[in-house]
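See structure below.
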Amino acid sequence: MVALYEKLHGPKGALESLAQLDTDIKDALKTYGPPPDRSLPATFQTLARSIVGQQISGAAASSVWNRMKEANSATEDVISNLDPDDMMPLGLSRRKAEYIIGIAKEITSGNLDLKSLPEMSGDEVQKRLVQIRGIGAWTADNYRLFALADLDAWPVADIALQEGMKILKSLDNRPDGKTMETMGEPWKPFRGVGALILWHIYGSHKRKATIADI
């Protein structure tokens, strides 16, 4: 979990490297400061928690996840032996329960070796993860960035990321995924670093707007 922070802030760290590629990033770091550490463990729980959080609020996702932990239903060994009906009372939809059980079975069967992922390229990790039902590009990108410290992971479909880019580049409209792909090209191989900064920018503006409404 230390790897991401060290890559960002170490000697000649990635934040400094990206700032040298884009003056808007350099100015944003002066204005907003560095993004917070969002490192996550490279485990089944990180993947499962991501599935839980799909299309619901952060508070609701945390509530469901806490119920899963309280029911001892948050590990791959336990979940791989459950049916969707066992998990739905904890607050999961049938589809999400099926996804999480499927991921657990991939791991317990040996079809998915999470320990091997750090040795693979980002593209290889992406390709392997999206083969699993329930894991789309967004989930795979986030796992690469937060759990594997892949500094070029670039979840272009993330709405908050798009809003952050709109603010950073003073755009009239929020860029779509295709536009984000193009805009991220100059940031390679530090697009994931850019993502962390854009989320930080968006979060800062959102907090200011909330305070202004009080």
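Each chain of the structure tokens is named A, B, ... in the order shown, its residues numbered from 1; ligands are numbered from 1 in display order.
Using only C-alpha atoms, the contacts of segment 180-189 of chain A at a cut-off of 8 Å, with sequence neighbours closer than 6 positions omitted, comprise A:Leu18, A:Leu21, A:Asp22, A:Leu151, A:Asp152, A:Trp154, A:Val156, A:Gln162.
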Do you have, as CSV, the list of residues of segment 123-143 of chain A lying at most 9 Å from segment 49-53 of chain A, each with its nearest atom pair and that distance in Å to one decimal, counting only C-alpha atoms and ordered by chain then number?
residue,atom,partner,partner_atom,distance
A:Gly134,CA,A:Ile51,CA,7.3
A:Ile135,CA,A:Ile51,CA,7.6
A:Thr139,CA,A:Ser50,CA,6.6
A:Asn142,CA,A:Ser50,CA,8.7
A:Tyr143,CA,A:Ser50,CA,8.7
(message) Need to verify the contact set: Ala61 of chain A, 12 Å, only C-alpha atoms, exclusion of same-chain residues closer than 4 positions in sequence. Can you return it as a list of chain:residue names?
(response)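 Using only C-alpha atoms, the neighbours found are A:Ala48, A:Arg49, A:Ser50, A:Ile51, A:Val52, A:Gly53, A:Gln54, A:Gln55, A:Ile56, A:Ser57, A:Trp65, A:Asn66, A:Arg67, A:Met68, A:Leu90, A:Gly91, A:Leu92, A:Ser93, A:Lys96.
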Store the residues picked out above, limited to C-alpha atoms, as a PDB file, in the first residue's frame.
ATOM      1  CA  ALA A  48     -15.469  -6.850  -4.344  1.00  0.00           C
ATOM      2  CA  ARG A  49     -15.812  -3.449  -2.665  1.00  0.00           C
ATOM      3  CA  SER A  50     -15.656  -1.819  -6.095  1.00  0.00           C
ATOM      4  CA  ILE A  51     -18.519  -4.011  -7.317  1.00  0.00           C
ATOM      5  CA  VAL A  52     -20.569  -3.145  -4.228  1.00  0.00           C
ATOM      6  CA  GLY A  53     -20.115   0.557  -4.975  1.00  0.00           C
ATOM      7  CA  GLN A  54     -21.289   0.462  -8.569  1.00  0.00           C
ATOM      8  CA  GLN A  55     -24.183   2.864  -9.215  1.00  0.00           C
ATOM      9  CA  ILE A  56     -24.882   3.646  -5.537  1.00  0.00           C
ATOM     10  CA  SER A  57     -23.676   6.351  -3.175  1.00  0.00           C
ATOM     11  CA  TRP A  65     -19.870  -3.627   2.822  1.00  0.00           C
ATOM     12  CA  ASN A  66     -20.013  -3.317   6.607  1.00  0.00           C
ATOM     13  CA  ARG A  67     -22.961  -5.712   6.707  1.00  0.00           C
ATOM     14  CA  MET A  68     -21.006  -8.171   4.578  1.00  0.00           C
ATOM     15  CA  LEU A  90     -27.090  -7.932   3.042  1.00  0.00           C
ATOM     16  CA  GLY A  91     -28.214  -5.271   0.574  1.00  0.00           C
ATOM     17  CA  LEU A  92     -26.788  -6.547  -2.712  1.00  0.00           C
ATOM     18  CA  SER A  93     -28.761  -6.881  -5.911  1.00  0.00           C
ATOM     19  CA  LYS A  96     -23.938  -7.768  -7.906  1.00  0.00           C
TER      20      LYS A  96
END
(request) Go ahead and compute the interatomic distance for atom CA of Arg38 of chain A and atom CA of Leu129 of chain A, in Å to one decimal. (result) 20.3 Å
(request) Please identify all polymer residues within 12 Å of Lys30 of chain A, counting only C-alpha atoms, omitting same-chain residues fewer than 5 positions from it, and present them as number ranges by chain. (result) A: 15-16, 19, 23-25, 35, 197, 201
Using DSSP assignments from the backbone, pull out every residue in chain A that falls under alpha helix (DSSP H) and give it to me as an mmCIF file with C-alpha atoms, in the first residue's frame.
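The resulting file, out-v6.cif, is reproduced below:
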data_model
loop_
_atom_site.group_PDB
_atom_site.id
_atom_site.type_symbol
_atom_site.label_atom_id
_atom_site.label_comp_id
_atom_site.auth_asym_id
_atom_site.auth_seq_id
_atom_site.Cartn_x
_atom_site.Cartn_y
_atom_site.Cartn_z
ATOM 1 C CA ALA A 3 4.011 1.912 -3.407
ATOM 2 C CA LEU A 4 1.580 4.468 -4.840
ATOM 3 C CA TYR A 5 2.516 7.173 -2.336
ATOM 4 C CA GLU A 6 6.232 6.585 -2.845
ATOM 5 C CA LYS A 7 5.904 6.734 -6.627
ATOM 6 C CA LEU A 8 4.074 10.046 -6.357
ATOM 7 C CA HIS A 9 6.225 11.784 -3.767
ATOM 8 C CA ALA A 14 5.534 11.249 -10.629
ATOM 9 C CA LEU A 15 3.767 14.423 -9.475
ATOM 10 C CA GLU A 16 6.831 16.451 -10.375
ATOM 11 C CA SER A 17 7.256 14.582 -13.658
ATOM 12 C CA LEU A 18 3.674 15.268 -14.760
ATOM 13 C CA ALA A 19 3.922 18.909 -13.703
ATOM 14 C CA GLN A 20 6.852 19.256 -16.096
ATOM 15 C CA LEU A 21 4.671 17.921 -18.914
ATOM 16 C CA THR A 23 1.808 23.710 -16.807
ATOM 17 C CA ASP A 24 -1.883 23.489 -15.865
ATOM 18 C CA ILE A 25 -1.039 20.516 -13.668
ATOM 19 C CA LYS A 26 1.863 22.464 -12.171
ATOM 20 C CA ASP A 27 -0.460 25.362 -11.336
ATOM 21 C CA ALA A 28 -3.130 22.993 -9.969
ATOM 22 C CA LEU A 29 -0.636 21.417 -7.564
ATOM 23 C CA LYS A 30 0.226 24.889 -6.268
ATOM 24 C CA THR A 31 -3.463 25.758 -5.869
ATOM 25 C CA TYR A 32 -4.891 22.534 -4.488
ATOM 26 C CA PHE A 44 -10.181 -9.716 -3.503
ATOM 27 C CA GLN A 45 -11.766 -7.301 -1.034
ATOM 28 C CA THR A 46 -10.731 -4.307 -3.135
ATOM 29 C CA LEU A 47 -12.354 -5.795 -6.239
ATOM 30 C CA ALA A 48 -15.469 -6.850 -4.344
ATOM 31 C CA ARG A 49 -15.812 -3.449 -2.665
ATOM 32 C CA SER A 50 -15.656 -1.819 -6.095
ATOM 33 C CA ILE A 51 -18.519 -4.011 -7.317
ATOM 34 C CA VAL A 52 -20.569 -3.145 -4.228
ATOM 35 C CA GLY A 58 -20.521 5.983 -1.157
ATOM 36 C CA ALA A 59 -22.511 5.917 2.073
ATOM 37 C CA ALA A 60 -24.810 3.170 0.807
ATOM 38 C CA ALA A 61 -21.839 1.132 -0.433
ATOM 39 C CA SER A 62 -20.099 1.430 2.931
ATOM 40 C CA SER A 63 -23.254 0.283 4.695
ATOM 41 C CA VAL A 64 -23.558 -2.819 2.493
ATOM 42 C CA TRP A 65 -19.870 -3.627 2.822
ATOM 43 C CA ASN A 66 -20.013 -3.317 6.607
ATOM 44 C CA ARG A 67 -22.961 -5.712 6.707
ATOM 45 C CA MET A 68 -21.006 -8.171 4.578
ATOM 46 C CA LYS A 69 -18.068 -8.016 6.987
ATOM 47 C CA GLU A 70 -20.316 -8.382 10.026
ATOM 48 C CA GLU A 76 -13.197 -15.130 -1.251
ATOM 49 C CA ASP A 77 -13.110 -18.426 0.643
ATOM 50 C CA VAL A 78 -16.518 -17.811 2.187
ATOM 51 C CA ILE A 79 -18.192 -16.075 -0.753
ATOM 52 C CA PRO A 84 -26.834 -14.999 -4.575
ATOM 53 C CA ASP A 85 -29.806 -15.626 -2.278
ATOM 54 C CA ASP A 86 -27.372 -15.823 0.646
ATOM 55 C CA MET A 87 -25.962 -12.371 -0.102
ATOM 56 C CA ARG A 94 -28.834 -10.357 -7.394
ATOM 57 C CA ARG A 95 -26.546 -9.264 -10.223
ATOM 58 C CA LYS A 96 -23.938 -7.768 -7.906
ATOM 59 C CA ALA A 97 -24.056 -10.877 -5.736
ATOM 60 C CA GLU A 98 -23.467 -13.003 -8.825
ATOM 61 C CA TYR A 99 -20.532 -10.800 -9.860
ATOM 62 C CA ILE A 100 -18.846 -10.976 -6.456
ATOM 63 C CA ILE A 101 -19.369 -14.733 -6.155
ATOM 64 C CA GLY A 102 -17.938 -15.154 -9.657
ATOM 65 C CA ILE A 103 -14.807 -13.163 -8.778
ATOM 66 C CA ALA A 104 -14.373 -15.175 -5.583
ATOM 67 C CA LYS A 105 -14.599 -18.428 -7.538
ATOM 68 C CA GLU A 106 -12.068 -17.163 -10.102
ATOM 69 C CA ILE A 107 -9.588 -16.645 -7.267
ATOM 70 C CA THR A 108 -10.269 -19.765 -5.205
ATOM 71 C CA GLY A 122 -1.040 -2.499 -17.515
ATOM 72 C CA ASP A 123 -2.662 -3.623 -20.761
ATOM 73 C CA GLU A 124 -2.294 -7.278 -19.770
ATOM 74 C CA VAL A 125 -3.867 -6.626 -16.372
ATOM 75 C CA GLN A 126 -6.710 -4.727 -17.998
ATOM 76 C CA LYS A 127 -7.360 -7.506 -20.494
ATOM 77 C CA ARG A 128 -7.328 -10.191 -17.802
ATOM 78 C CA LEU A 129 -9.624 -8.402 -15.381
ATOM 79 C CA ALA A 137 -12.899 -1.021 -17.741
ATOM 80 C CA TRP A 138 -13.583 1.449 -14.906
ATOM 81 C CA THR A 139 -13.147 -1.168 -12.180
ATOM 82 C CA ALA A 140 -10.030 -2.593 -13.838
ATOM 83 C CA ASP A 141 -8.468 0.854 -14.258
ATOM 84 C CA ASN A 142 -9.130 1.757 -10.639
ATOM 85 C CA ILE A 159 -17.700 11.438 -14.411
ATOM 86 C CA ALA A 160 -15.753 13.076 -11.583
ATOM 87 C CA LEU A 161 -12.575 12.709 -13.621
ATOM 88 C CA GLN A 162 -14.238 14.401 -16.579
ATOM 89 C CA GLU A 163 -15.481 17.218 -14.350
ATOM 90 C CA GLY A 164 -11.975 17.652 -12.973
ATOM 91 C CA MET A 165 -10.600 17.963 -16.504
ATOM 92 C CA LYS A 166 -13.245 20.539 -17.330
ATOM 93 C CA ILE A 167 -12.083 22.630 -14.366
ATOM 94 C CA LEU A 168 -8.368 22.102 -15.025
ATOM 95 C CA GLY A 177 -14.576 9.445 -22.677
ATOM 96 C CA LYS A 178 -13.255 9.698 -26.227
ATOM 97 C CA THR A 179 -12.123 13.278 -25.669
ATOM 98 C CA MET A 180 -10.502 12.281 -22.388
ATOM 99 C CA GLU A 181 -8.503 9.620 -24.207
ATOM 100 C CA THR A 182 -7.134 12.294 -26.532
ATOM 101 C CA MET A 183 -6.498 14.807 -23.782
ATOM 102 C CA GLY A 184 -4.628 12.227 -21.743
ATOM 103 C CA ARG A 191 -2.141 9.483 -16.844
ATOM 104 C CA GLY A 192 -3.018 7.792 -13.553
ATOM 105 C CA VAL A 193 -1.243 10.586 -11.722
ATOM 106 C CA GLY A 194 -3.348 13.011 -13.729
ATOM 107 C CA ALA A 195 -6.448 11.091 -12.678
ATOM 108 C CA LEU A 196 -5.547 11.470 -8.999
ATOM 109 C CA ILE A 197 -5.055 15.205 -9.447
ATOM 110 C CA LEU A 198 -8.332 15.618 -11.375
ATOM 111 C CA TRP A 199 -10.284 13.772 -8.670
ATOM 112 C CA HIS A 200 -8.607 16.009 -6.099
ATOM 113 C CA ILE A 201 -9.586 19.148 -8.029
ATOM 114 C CA TYR A 202 -13.179 17.994 -8.451
ATOM 115 C CA GLY A 203 -13.456 17.034 -4.787
ATOM 116 C CA SER A 204 -12.121 20.424 -3.697
ATOM 117 C CA HIS A 205 -14.669 22.281 -5.835
ATOM 118 C CA LYS A 206 -17.486 20.038 -4.639
ATOM 119 C CA ARG A 207 -16.614 20.678 -0.995
ATOM 120 C CA LYS A 208 -16.489 24.426 -1.595
ATOM 121 C CA ALA A 209 -19.901 24.318 -3.271
ATOM 122 C CA THR A 210 -21.338 22.383 -0.340
ATOM 123 C CA ILE A 211 -19.975 24.894 2.168
ATOM 124 C CA ALA A 212 -21.362 27.770 0.096
ATOM 125 C CA ASP A 213 -24.829 26.219 0.245
#
(message) Rounded to one decimal, what separation in Å do you get between atom CA of Thr75 of chain A and atom CA of Thr43 of chain A?
(response)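 Answer for the atom CA of Thr75 of chain A to atom CA of Thr43 of chain A separation: 9.6 Å.
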(request) Choose the residue, out of A:Ala157, A:Asp150, A:Gly136, A:Leu82, that has the smallest atom-to-atom separation from Arg174 of chain A; count only C-alpha atoms. (result) A:Ala157
(message) Can you measure atom CA of Asn111 of chain A to atom CA of Ile132 of chain A for me? One decimal in Å is fine.
(response) 10.3 Å
